[in-house]
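Novice: This is the structure, below, for whatever I ask next.
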2 protein chains.
Amino acid sequence: MTTKRIGARTVRFSEPPSVLGYASIVGKKEGEGPLSEYFDFIYEDSYLGEKTWERAESRMQKEAFERAAEKSGGSTGDVQLIFAGDLLNQCIATSFGLRSTGVPLCGLYGACSTFAEGMMLAAMTIDGGFAERAAAVASSHFCTSERQYRTPLDYGAQRTPTAQWTVTGAGACVLGPEGDGPFVTHATAGRIVDLGVTDQNNMGAAMAPAAKDTLSALFEDTGTSPADYDLILTGDLGAVGLELLFELFKKDGVAFNQNLGDCGLLIFDRDRQDVHSGGSGCGCSASVFCSYVLGRMREGAIRKLVLAGTGAMLSPTSTMQGESVPGICHAVVLSTSKEG
Amino acid sequence: MTTKRIGARTVRFSEPPSVLGYASIVGKKEGEGPLSEYFDFIYEDSYLGEKTWERAESRMQKEAFERAAEKSGGSTGDVQLIFAGDLLNQCIATSFGLRSTGVPLCGLYGACSTFAEGMMLAAMTIDGGFAERAAAVASSHFCTSERQYRTPLDYGAQRTPTAQWTVTGAGACVLGPEGDGPFVTHATAGRIVDLGVTDQNNMGAAMAPAAKDTLSALFEDTGTSPADYDLILTGDLGAVGLELLFELFKKDGVAFNQNLGDCGLLIFDRDRQDVHSGGSGCGCSASVFCSYVLGRMREGAIRKLVLAGTGAMLSPTSTMQGESVPGICHAVVLSTSKEG
């Protein structure tokens with residue numbers, strides 16, 4: 001077996017897997033944001049007509065996956081392996097959401113990096129010859145997250161300016177060995193980076209050093225710089241974290257040419273929508289990527305990009321025990337050309 | 001790319017990855033069980049000298065991984081990708097446990113199937129040429145699990161006879177493209193199977209149909225029957241679940257020749273140790289596999305086996321909301337011969 005590794009941490013796919021289909025389902029607030037026209041479906045009701053918010057989140061995953069499979073020119077049964085996850089304890093949005101599909105499933109936990117992690121593993125699955133079709137799926141829901149991580153919604157707690165707003169949404173992307181692209185050309189797996197940030201309301205700050213670590217490895221391993229990409233998209237650092245990442249790179253003399261963006265800043269209009277530092281949650285990068293981003297790539301407006309999924313790997317228990325917030329960032333490179 | 005798929009759901013590795021090193025760390029009760037001599041280290045103190053049980057569980061993961069890396073004839077830095085998970089909310093035993101290693105990490109959530117899921121993905125990573133060394137790591141801890149899933153330990157709640165005892169332990173296995181084996185020859189990814197069992201104290205019953213589903217697919221795809229394996233090892237159905245699995249296969253006319261076993265039954269002596277239906281938890285199959293099982297394979301006493309990791313993909317929230325228990329089972333085949 002010829003190695004597909006280049007440099008210290010990056011994989012270059014020998015036959016870059018192609019995006020075959022993708023879909024996103026979001027909630028009302030997301031549907032009122034700037035990306036409105038790109039989503040496949042917008043639910044006005046936070047329950048989606050279900051009995052609980054958890055069931056609603058499960059249903060978003062299921063519907064996003066079903067639509068992505070359909071748009072890939074096949075059916076859910078053609079997908080041989082799904083990589084999926086969410087933020088809920090024991091990832092129940094995933095296990096209940098994808099239960100009825102009958103498709104083999106690898107459950108992931110990477111907090112908000114889950115979708116990028118799934119894209120990396122789905123691409124490895126295709127390029128390794130282990131499946132003809134593999135999918136990445138992720139979701140989050142504002143109401144399921146708030147009551148699990150913070151306080152009951154009815155309590156009406158105030159939010160700090162650094163806090164992010166968990167996106168109600170799901171995204172799904174189906175990859176295959178042949179297709180018209182965009183193509184997944186490279187992936188760099190993240191490692192845990194923890195600089196000791198203990199403020200659970202400032203996850204952007206906790207995740208920025210992880211994004212710096214993985215993006216630096218990717219640039220070095222591939223011999224590229226930010227200028228080689230039309231877009232470098234983190235998901236989701238929010239305004240505070242993105243500014244920090246910008247500063248961290250500036251210290252190294254690395255500049256971004258207006259091409260550094262964040263899914264959490266794209267999905268909401270912060271002037272108009274009350275979301276503080278921006279959007280977050282597994283469903284944020286998943287729904288932004290599987291709507292606007294892949295749409296703009298198919299239009300040719302974005303030809304080459306990095307999706308750098310960032311996760312804050314804490315739990316309410318670790319916070320109560322006084323632990324800091326470990327960050328992680330998984331990056332995948334997509335290009336409209338197979339040659340990258 | 002030549003496909004490595006055979007049949008509907010199984011992957012046959014083109015160059016079966018080899019086990020290079022493995023290690024297990026367990027707690028006192030596990031150390032008093034029948035596999036005592038096989039574990040790398042037994043901690044008498046449930047805190048491992050740490051401030052919290054969560055930190056203790058993290059430390060078991062770290063130490064199991066470090067020992068496995070060392071026993072593979074290298075160091076932790078030689079491992080290019082770890083697949084790891086645990087049972088805690090947001091998988092904090094993993095993110096905090098492997099934080100200091102600096103090794104790229106893909107977080108998994110597969111409940112008690114996590115270790116088998118990790119072995120499958122690590123083998124795909126090696127056989128696909130994506131890393132020179134990849135590892136699977138998983139852990140659980142009786143005390144962190146009890147207080148998260150059930151009641152505070154001090155409450156002293158009674159347990160039903162069908163309940164299983166969460167193992168305090170961690171296991172780690174390092175794979176590479178070359179070595180003396182045992183070799184991972186095949187993998188069959190599981191899908192969610194849910195027959196509507198709602199008793200969270202009888203997870204064996206919820207998981208047995210998933211084990212049946214995946215094992216049936218593996219046998220069919222590879223043209224094998226139970227008699228072709230020295231051992232078919234579920235992890236962890238416990239006594240109740242294993243009996244159910246036996247019955248489910250019996251209905252299909254498939255017989256097991258005393259070669260059907262369960263990690264949860266191997267790790268404890270149920271006559272002597274008060275564990276009801278047997279052991280469970282991500283750390284159960286991980287520690288049994290990375291001690292006794294791989295040890296017996298290296299001795300040549302077991303030449304070919306299936307590890308069928310079984311997970312109950314519920315959460316306390318889903319149970320409180322009246323949901324049933326979705327089961328999943330990921331299977332890997334290991335053989336002392338590269339040809340399987």
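Chain labels run A, B, ... following the order of the structure tokens; each chain numbers its residues from 1, and ligands are numbered from 1 in the order shown.
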At a cut-off of 6 Å, using only C-alpha atoms, what residues contact region 206-218 of chain A? Leave out same-chain residues fewer than 6 positions from it and give the result as a ChimeraX atom specification.
Specialist: /A:190,193,197,241,245,327-329
Novice: Write down, as an MDAnalysis selection string, each residue of chain B that has any atom within 6 Å of an atom of chain A, counting only C-alpha atoms.
Specialist: chainID B and resid 1 3:5 89:90 99 102:105 107:110 128:130 189:192 315
Novice: Which is closest to Glu339 (chain A) among A:Val184, A:Cys173, A:Ile42, A:Ala134, if we use only C-alpha atoms?
Specialist: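 Looking only at the distances to Glu339 (chain A), the closest residue turns out to be A:Val184.
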Novice: Quick one: residues within 9 Å of Gly264 (chain A), only C-alpha atoms, excluding same-chain residues fewer than 4 positions away - as a list in words?
Specialist: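 That gives Gln164, Trp165, Val167, Thr234, Gly235, Asp236, Leu237, Gly238, Ala239, Phe268, Ser277, Gly278, Gly279, Ser280, Gly281, Cys284, Ser285 and Val288 of chain A.
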Novice: Just write the chosen residues, N, CA and C atoms, as a short mmCIF file (atom, residue, chain, number, x, y, z; two decimals), in the first residue's frame.
Specialist:
data_model
loop_
_atom_site.label_atom_id
_atom_site.label_comp_id
_atom_site.auth_asym_id
_atom_site.auth_seq_id
_atom_site.Cartn_x
_atom_site.Cartn_y
_atom_site.Cartn_z
N GLN A 164 -22.10 31.94 22.13
CA GLN A 164 -22.59 31.67 20.79
C GLN A 164 -24.00 31.09 20.87
N TRP A 165 -24.69 31.10 19.76
CA TRP A 165 -26.08 30.66 19.70
C TRP A 165 -26.13 29.32 18.96
N VAL A 167 -27.12 26.55 16.71
CA VAL A 167 -27.96 26.49 15.51
C VAL A 167 -28.93 25.31 15.57
N THR A 234 -13.82 28.35 9.19
CA THR A 234 -13.87 27.63 10.46
C THR A 234 -15.32 27.39 10.83
N GLY A 235 -15.52 26.41 11.67
CA GLY A 235 -16.90 26.07 12.06
C GLY A 235 -16.92 25.39 13.41
N ASP A 236 -17.18 26.17 14.50
CA ASP A 236 -17.62 27.55 14.51
C ASP A 236 -16.90 28.28 15.62
N LEU A 237 -16.09 29.23 15.24
CA LEU A 237 -15.37 30.02 16.24
C LEU A 237 -16.16 31.25 16.68
N GLY A 238 -17.08 31.70 15.87
CA GLY A 238 -17.79 32.93 16.19
C GLY A 238 -16.85 34.13 16.05
N ALA A 239 -17.39 35.32 16.35
CA ALA A 239 -16.64 36.56 16.15
C ALA A 239 -15.40 36.63 17.04
N PHE A 268 -25.96 33.70 10.59
CA PHE A 268 -26.81 34.75 11.18
C PHE A 268 -26.32 36.13 10.77
N SER A 277 -21.98 36.25 19.82
CA SER A 277 -20.74 36.05 19.05
C SER A 277 -20.94 35.25 17.76
N GLY A 278 -22.17 34.76 17.53
CA GLY A 278 -22.44 34.01 16.29
C GLY A 278 -23.02 32.64 16.55
N GLY A 279 -23.21 31.88 15.51
CA GLY A 279 -23.79 30.54 15.63
C GLY A 279 -22.78 29.51 16.06
N SER A 280 -23.28 28.36 16.53
CA SER A 280 -22.41 27.24 16.91
C SER A 280 -23.23 25.96 16.87
N GLY A 281 -22.61 24.86 17.28
CA GLY A 281 -23.30 23.57 17.29
C GLY A 281 -22.94 22.76 16.05
N CYS A 284 -24.41 23.76 12.80
CA CYS A 284 -24.07 25.03 12.19
C CYS A 284 -23.18 24.80 10.96
N SER A 285 -21.99 24.23 11.18
CA SER A 285 -21.11 24.01 10.02
C SER A 285 -21.73 23.01 9.05
N VAL A 288 -24.49 25.01 7.05
CA VAL A 288 -23.90 26.05 6.20
C VAL A 288 -23.12 25.42 5.05
#
Novice: Work out how far CA of Gly340 (chain A) is from CA of Ala69 (chain A), in Å to one decimal.
Specialist: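 Computing the Euclidean distance for CA of Ala69 (chain A) and CA of Gly340 (chain A) yields 24.9 Å.
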Novice: Could you find all residues in region 219-338 of chain B that DSSP calls strand (DSSP E) from the backbone, and write them as a list in words?
Specialist: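 In region 219-338 of chain B, DSSP puts these residues in strand (DSSP E): Leu231, Ile232, Leu233, Thr234, Gly235, Leu260, Gly261, Asp262, Gly279, Ser280, Lys304, Leu305, Val306, Leu307, Ala308, Gly309, Thr310, Gly311, Ala312, Gly327, Ile328, Cys329, His330, Ala331, Val332, Val333, Leu334 and Ser335 of chain B.
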Novice: Could you please take those selected residues and save N, CA and C atoms as a PDB file, in the first residue's frame?
Specialist:
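Okay, this is what ended up in out.pdb:
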ATOM      1  N   LEU B 231     -13.530 -18.549  18.183  1.00  0.00           N
ATOM      2  CA  LEU B 231     -14.283 -17.805  19.187  1.00  0.00           C
ATOM      3  C   LEU B 231     -15.093 -16.692  18.522  1.00  0.00           C
ATOM      4  N   ILE B 232     -16.343 -16.580  18.896  1.00  0.00           N
ATOM      5  CA  ILE B 232     -17.179 -15.448  18.480  1.00  0.00           C
ATOM      6  C   ILE B 232     -17.553 -14.735  19.770  1.00  0.00           C
ATOM      7  N   LEU B 233     -16.994 -13.537  19.913  1.00  0.00           N
ATOM      8  CA  LEU B 233     -17.012 -12.867  21.195  1.00  0.00           C
ATOM      9  C   LEU B 233     -17.824 -11.589  21.113  1.00  0.00           C
ATOM     10  N   THR B 234     -18.956 -11.565  21.802  1.00  0.00           N
ATOM     11  CA  THR B 234     -19.726 -10.326  21.862  1.00  0.00           C
ATOM     12  C   THR B 234     -19.207  -9.478  23.017  1.00  0.00           C
ATOM     13  N   GLY B 235     -19.472  -8.187  22.925  1.00  0.00           N
ATOM     14  CA  GLY B 235     -18.994  -7.304  24.006  1.00  0.00           C
ATOM     15  C   GLY B 235     -19.860  -6.060  24.057  1.00  0.00           C
ATOM     16  N   LEU B 260     -19.276 -19.460  21.356  1.00  0.00           N
ATOM     17  CA  LEU B 260     -19.896 -18.150  21.502  1.00  0.00           C
ATOM     18  C   LEU B 260     -19.627 -17.664  22.919  1.00  0.00           C
ATOM     19  N   GLY B 261     -18.952 -16.522  23.010  1.00  0.00           N
ATOM     20  CA  GLY B 261     -18.622 -16.002  24.333  1.00  0.00           C
ATOM     21  C   GLY B 261     -18.933 -14.528  24.423  1.00  0.00           C
ATOM     22  N   ASP B 262     -18.770 -13.967  25.621  1.00  0.00           N
ATOM     23  CA  ASP B 262     -19.078 -12.552  25.825  1.00  0.00           C
ATOM     24  C   ASP B 262     -18.044 -11.960  26.779  1.00  0.00           C
ATOM     25  N   GLY B 279     -20.437  -8.135  33.046  1.00  0.00           N
ATOM     26  CA  GLY B 279     -19.814  -6.822  32.875  1.00  0.00           C
ATOM     27  C   GLY B 279     -20.342  -6.100  31.654  1.00  0.00           C
ATOM     28  N   SER B 280     -20.105  -4.783  31.612  1.00  0.00           N
ATOM     29  CA  SER B 280     -20.492  -3.972  30.460  1.00  0.00           C
ATOM     30  C   SER B 280     -19.632  -2.724  30.436  1.00  0.00           C
ATOM     31  N   LYS B 304      -8.557 -17.752  15.124  1.00  0.00           N
ATOM     32  CA  LYS B 304      -9.449 -16.920  14.328  1.00  0.00           C
ATOM     33  C   LYS B 304     -10.671 -16.567  15.161  1.00  0.00           C
ATOM     34  N   LEU B 305     -10.995 -15.291  15.215  1.00  0.00           N
ATOM     35  CA  LEU B 305     -12.137 -14.915  16.047  1.00  0.00           C
ATOM     36  C   LEU B 305     -12.872 -13.719  15.483  1.00  0.00           C
ATOM     37  N   VAL B 306     -14.093 -13.563  15.943  1.00  0.00           N
ATOM     38  CA  VAL B 306     -14.890 -12.375  15.660  1.00  0.00           C
ATOM     39  C   VAL B 306     -15.070 -11.619  16.971  1.00  0.00           C
ATOM     40  N   LEU B 307     -14.752 -10.312  16.947  1.00  0.00           N
ATOM     41  CA  LEU B 307     -15.144  -9.455  18.058  1.00  0.00           C
ATOM     42  C   LEU B 307     -16.365  -8.679  17.600  1.00  0.00           C
ATOM     43  N   ALA B 308     -17.478  -8.912  18.250  1.00  0.00           N
ATOM     44  CA  ALA B 308     -18.731  -8.246  17.887  1.00  0.00           C
ATOM     45  C   ALA B 308     -19.109  -7.285  19.010  1.00  0.00           C
ATOM     46  N   GLY B 309     -18.692  -6.040  18.871  1.00  0.00           N
ATOM     47  CA  GLY B 309     -18.960  -5.028  19.901  1.00  0.00           C
ATOM     48  C   GLY B 309     -20.397  -4.555  19.824  1.00  0.00           C
ATOM     49  N   THR B 310     -21.095  -4.635  20.958  1.00  0.00           N
ATOM     50  CA  THR B 310     -22.516  -4.287  20.965  1.00  0.00           C
ATOM     51  C   THR B 310     -22.778  -3.059  21.823  1.00  0.00           C
ATOM     52  N   GLY B 311     -23.532  -2.116  21.285  1.00  0.00           N
ATOM     53  CA  GLY B 311     -23.825  -0.896  22.021  1.00  0.00           C
ATOM     54  C   GLY B 311     -25.312  -0.642  22.165  1.00  0.00           C
ATOM     55  N   ALA B 312     -25.694  -0.125  23.336  1.00  0.00           N
ATOM     56  CA  ALA B 312     -27.081   0.313  23.575  1.00  0.00           C
ATOM     57  C   ALA B 312     -27.068   1.828  23.475  1.00  0.00           C
ATOM     58  N   GLY B 327     -30.125  -0.589  19.495  1.00  0.00           N
ATOM     59  CA  GLY B 327     -28.881  -1.351  19.625  1.00  0.00           C
ATOM     60  C   GLY B 327     -28.049  -1.253  18.365  1.00  0.00           C
ATOM     61  N   ILE B 328     -26.737  -1.458  18.502  1.00  0.00           N
ATOM     62  CA  ILE B 328     -25.857  -1.485  17.332  1.00  0.00           C
ATOM     63  C   ILE B 328     -24.750  -2.504  17.598  1.00  0.00           C
ATOM     64  N   CYS B 329     -24.187  -3.059  16.544  1.00  0.00           N
ATOM     65  CA  CYS B 329     -23.088  -4.023  16.706  1.00  0.00           C
ATOM     66  C   CYS B 329     -22.113  -3.901  15.543  1.00  0.00           C
ATOM     67  N   HIS B 330     -20.862  -3.587  15.863  1.00  0.00           N
ATOM     68  CA  HIS B 330     -19.795  -3.553  14.858  1.00  0.00           C
ATOM     69  C   HIS B 330     -18.904  -4.779  15.064  1.00  0.00           C
ATOM     70  N   ALA B 331     -18.570  -5.474  13.963  1.00  0.00           N
ATOM     71  CA  ALA B 331     -17.771  -6.698  14.093  1.00  0.00           C
ATOM     72  C   ALA B 331     -16.454  -6.597  13.328  1.00  0.00           C
ATOM     73  N   VAL B 332     -15.391  -7.087  13.941  1.00  0.00           N
ATOM     74  CA  VAL B 332     -14.102  -7.232  13.256  1.00  0.00           C
ATOM     75  C   VAL B 332     -13.644  -8.680  13.386  1.00  0.00           C
ATOM     76  N   VAL B 333     -13.010  -9.187  12.317  1.00  0.00           N
ATOM     77  CA  VAL B 333     -12.465 -10.545  12.343  1.00  0.00           C
ATOM     78  C   VAL B 333     -10.957 -10.443  12.485  1.00  0.00           C
ATOM     79  N   LEU B 334     -10.410 -11.192  13.430  1.00  0.00           N
ATOM     80  CA  LEU B 334      -8.954 -11.235  13.590  1.00  0.00           C
ATOM     81  C   LEU B 334      -8.481 -12.661  13.395  1.00  0.00           C
ATOM     82  N   SER B 335      -7.292 -12.786  12.821  1.00  0.00           N
ATOM     83  CA  SER B 335      -6.750 -14.107  12.564  1.00  0.00           C
ATOM     84  C   SER B 335      -5.243 -14.084  12.786  1.00  0.00           C
TER      85      SER B 335
END
Novice: So the first atom is CA of Gly181 (chain B) and the second is CA of Val19 (chain B); what is the distance between them in Å, to one decimal place?
Specialist: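 So the two atoms, CA of Gly181 (chain B) and CA of Val19 (chain B), lie 5.3 Å apart.
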Novice: Select, from A:Asn257, A:Ser139, A:Thr319, A:Thr151, the residue with the minimum atom-to-atom distance to Asp199 (chain A), counting only C-alpha atoms.
Specialist: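 Nearest to Asp199 (chain A): A:Thr319.
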Novice: Quick check for you: according to DSSP on this backbone, which residues of region 71-225 of chain B are classed as alpha helix (DSSP H)? Reply as a ChimeraX atom specification.
Specialist: /B:71,92-97,114-127,142-149,203-222
Novice: Separation of CA of Phe183 (chain B) and CA of Ser18 (chain B), in Å?
Specialist: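 Between CA of Phe183 (chain B) and CA of Ser18 (chain B) the gap is 4.4 Å.
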Novice: Which residue out of A:Ala123, A:Val275, A:Cys143, A:Leu248 has the minimum interatomic distance to His186 (chain A) when only C-alpha atoms are used?
Specialist: A:Ala123
